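Heads up: the structure comes next, in structure tokens.
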Amino acid sequence: MTRIFSGIKPTGHLTLGNYLGALRQWVAADQRPDEALFCVVDLHALTVEHDPARVRRLSRQVATLFLASGLDPEKCTLFMQSHVDEHTRLSYVLECTATDGEMRRMIQYKEKSAQAQASGEGVRLSLLTYPVLMAADILAYGTEEVPVGEDQRQHVELARDLAVRFNQRYGHTFTVPKVTLPKVAARVMDLQDPTSKMGKSGGAGPGVVFMLDEPAVIRKKVMRAVTDSGDGGVVYDREARPGVANLLDVLGACTGGDPAALAERYSGYGALKRDVADAVVELLRPVQERHAELAADPAAVEKVLREGAGRARELARPVVDRAYRAIGLLEP
């Protein structure tokens with residue numbers, strides 16, 4: 001059996017990209033009793049300016065969508081990051097292993113610190129160091145595989161580097177993890193800007209389809225999706241025709257079809273957009289229905305998270321205790 005770990009940050013409403021690129025993959029391939037852990041990484045939401053009430057609300061919503069998407073607490077461990085102290089315990093030890101240069105080279109730090117400065121906000125120290133917390137999230141469980149999108153590869157590579165360095169300096173303590181990328185729709189692009197990822201933190205933009213959008217809203221967003229200039233018809237070409245390619249990628253991911261083959265069915269953009277809209281609505285319909293049921297019984301969701309945190313602590317504590325001993329700390 002292979003131990004896997006992955007998580008989603010509650011910084012915005014989950015999108016179609018989150019579902020196609022992560023949640024559906026977790027449900028279909030990655031649920032394994034005692035060997036799969038899925039986490040709402042709420043501590044990572046504190047690295048930038050935020051509304052505490054919104055973070056709590058989104059954390060509950062993300063956890064509920066985990067369950068609504070089909071993650072089964074009988075088959076995997078679902079929990080809230082902040083409910084398991086071992087994450088922050090291990091993070092400091094790994095900070096004593098990482099270097100300042102490594103942190104400042106992280107792409108997301110460069111981008112987000114520049115955004116914060118441009119908006120007149122201070123850059124929080126946690127924004128610099130949170131990749132180490134992410135490494136702790138992974139390494140605390142003896143994780144072997146981390147199913148994430150391409151944009152998170154650098155963070156998993158950091159976890160690998162820190163694990164190897166720690167093991168070399170202090171003795172073998174951590175499993176060295178590897179990235180596993182979803183095979184289909186790993187990177188769904190914004191419908192209005194098909195050169196940018198469809199991100200949950202970008203507000204309620206017209207190019208972002210959220211998992212809980214009403215069907216009419218989904219159809220409106222898809223029908224207004226940017227296509228490409230020119231009269232070359234419907235062709236699958238990511239470089240030259242990113243707008244059309246994105247729609248074909250989404251349709252392929254929803255229906256199981258090959259995007260290039262699907263392109264041959266269409267002579268115009270209108271029919272393509274209608275089929276994409278229909279496919280997305282039908283894909284998300286059962287998830288939305290199940291979410292409504294779960295949201296009406298928050299105590300049941302809280303019970304799943306409470307039990308999941310207990311299981312996660314049992315798995316992480318021996319690893320973190322071993323790291324504390326290895327680096328030179330006395331046992332209590």
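Scheme for the structure tokens: letters A, B, ... for chains in order shown; per-chain residue numbers from 1; ligand numbers from 1 in order shown.
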
Identify all residues of stretch 84-190 of chain A in helix (DSSP H, G or I) (DSSP on the backbone) and supply them as a ChimeraX atom specification. /A:86-95,100-104,107-118,125-139,150-170

Identify, on the basis of only C-alpha atoms, every residue whose closest approach to A:Thr15 does not exceed 8 Å; exclude the query and any residue fewer than 3 positions from it along the same chain; express the result as a ChimeraX atom specification. /A:18-19,198-200,208-211

N, CA, C and O atoms of the current selection, written as a short mmCIF file (atom, residue, chain, number, x, y, z; two decimals), in the first residue's frame:
data_model
loop_
_atom_site.label_atom_id
_atom_site.label_comp_id
_atom_site.auth_asym_id
_atom_site.auth_seq_id
_atom_site.Cartn_x
_atom_site.Cartn_y
_atom_site.Cartn_z
N ASN A 18 -10.82 22.67 -9.22
CA ASN A 18 -10.54 21.87 -8.02
C ASN A 18 -11.19 20.50 -8.11
O ASN A 18 -10.60 19.50 -7.69
N TYR A 19 -12.39 20.46 -8.66
CA TYR A 19 -13.10 19.19 -8.75
C TYR A 19 -12.45 18.26 -9.79
O TYR A 19 -12.13 17.10 -9.49
N MET A 198 -7.80 28.56 -13.52
CA MET A 198 -9.07 28.88 -12.88
C MET A 198 -8.88 28.77 -11.36
O MET A 198 -8.83 27.68 -10.81
N GLY A 199 -8.71 29.92 -10.70
CA GLY A 199 -8.35 29.92 -9.29
C GLY A 199 -9.50 30.31 -8.39
O GLY A 199 -10.30 31.19 -8.71
N LYS A 200 -9.56 29.67 -7.21
CA LYS A 200 -10.65 29.94 -6.27
C LYS A 200 -10.45 31.23 -5.51
O LYS A 200 -11.38 31.74 -4.88
N VAL A 208 -14.64 32.03 -13.83
CA VAL A 208 -14.44 30.97 -12.84
C VAL A 208 -15.77 30.28 -12.56
O VAL A 208 -16.73 30.92 -12.12
N VAL A 209 -15.84 28.98 -12.81
CA VAL A 209 -17.03 28.19 -12.49
C VAL A 209 -16.82 27.57 -11.13
O VAL A 209 -15.89 26.78 -10.93
N PHE A 210 -17.68 27.92 -10.17
CA PHE A 210 -17.57 27.37 -8.83
C PHE A 210 -18.42 26.11 -8.72
O PHE A 210 -19.45 25.97 -9.39
N MET A 211 -17.99 25.21 -7.85
CA MET A 211 -18.70 23.94 -7.71
C MET A 211 -20.14 24.13 -7.28
O MET A 211 -21.00 23.29 -7.60
#

Counting only C-alpha atoms, give me one row per residue of stretch 270-332 of chain A with an atom at most 8 Å from an atom of stretch 248-260 of chain A, showing the shortest contact pair and its distance in Å to one decimal, sorted by chain then residue number, as a Markdown table.
| residue | atom | partner | partner_atom | distance |
| --- | --- | --- | --- | --- |
| A:Asp275 | CA | A:Leu251 | CA | 7.6 |
| A:Val276 | CA | A:Leu251 | CA | 5.3 |
| A:Ala279 | CA | A:Cys254 | CA | 6.1 |
| A:Val280 | CA | A:Cys254 | CA | 6.6 |
| A:Leu283 | CA | A:Cys254 | CA | 6.5 |

Residues at most 12 Å from stretch 42-59 of chain A, counting only C-alpha atoms, excluding those fewer than 6 positions away in the same chain, as a PyMOL selection string? chain A and resi 7-14+65-66+79-85+87-88+91+108-109+112-113+115-117+119-135+137+200-201+295+298+301-302+305

Env of A:Glu144: 12 Å cut, atoms = only C-alpha atoms, seq-sep filter 6 positions within chain, self excluded. Answer as a PyMOL selection string. chain A and resi 1-6+35-37+138+156+159-160+163+174-180

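Using only C-alpha atoms, the shortest contact distance between A:Lys75 and any of A:Gly328, A:Gly205, A:Gly21, A:Gly308 is found at A:Gly308.
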
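If you look at atom CA of A:Leu181 and atom CA of A:Cys76, they are 19.3 Å away from each other.
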
At a cut-off of 6 Å, using only C-alpha atoms, what residues contact stretch 214-223 of chain A? Leave out same-chain residues fewer than 2 positions from it and give the result as a list of chain:residue names. A:Pro206, A:Ala225, A:Lys273, A:Ala277, A:Val281

Dump of all heavy atoms for the selected residues, as a compact mmCIF listing (two decimals), in the first residue's frame:
# COMPACT_ATOMS: atom_id res chain seq x y z
N PRO A 206 -16.14 36.24 -13.89
CA PRO A 206 -16.99 35.56 -14.86
C PRO A 206 -16.31 34.37 -15.53
O PRO A 206 -16.98 33.58 -16.19
CB PRO A 206 -17.31 36.66 -15.88
CG PRO A 206 -16.16 37.62 -15.76
CD PRO A 206 -15.78 37.60 -14.31
N ALA A 225 -17.62 32.33 -22.51
CA ALA A 225 -16.19 32.01 -22.47
C ALA A 225 -15.48 32.58 -23.69
O ALA A 225 -16.01 32.62 -24.80
CB ALA A 225 -16.00 30.49 -22.43
N LYS A 273 -19.93 25.29 -26.91
CA LYS A 273 -20.19 25.89 -25.60
C LYS A 273 -21.44 25.31 -24.96
O LYS A 273 -21.47 25.07 -23.75
CB LYS A 273 -20.31 27.41 -25.74
CG LYS A 273 -19.01 28.11 -26.04
CD LYS A 273 -19.21 29.62 -26.13
CE LYS A 273 -17.90 30.36 -26.32
NZ LYS A 273 -18.09 31.83 -26.38
N ALA A 277 -21.41 23.44 -21.39
CA ALA A 277 -22.28 23.89 -20.30
C ALA A 277 -23.14 22.74 -19.79
O ALA A 277 -23.26 22.53 -18.57
CB ALA A 277 -23.15 25.05 -20.77
N VAL A 281 -22.89 21.16 -15.95
CA VAL A 281 -24.08 21.17 -15.10
C VAL A 281 -24.38 19.76 -14.60
O VAL A 281 -24.64 19.54 -13.41
CB VAL A 281 -25.28 21.77 -15.85
CG1 VAL A 281 -26.59 21.49 -15.09
CG2 VAL A 281 -25.10 23.27 -16.03

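You will find atom CA of A:His155 at 22.8 Å from atom CA of A:Arg313.
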
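With only C-alpha atoms as the atoms that count, the minimum distance from A:Val188 to the choices A:Leu90, A:Leu294, A:Leu247, A:Ala136 is reached by A:Leu247.
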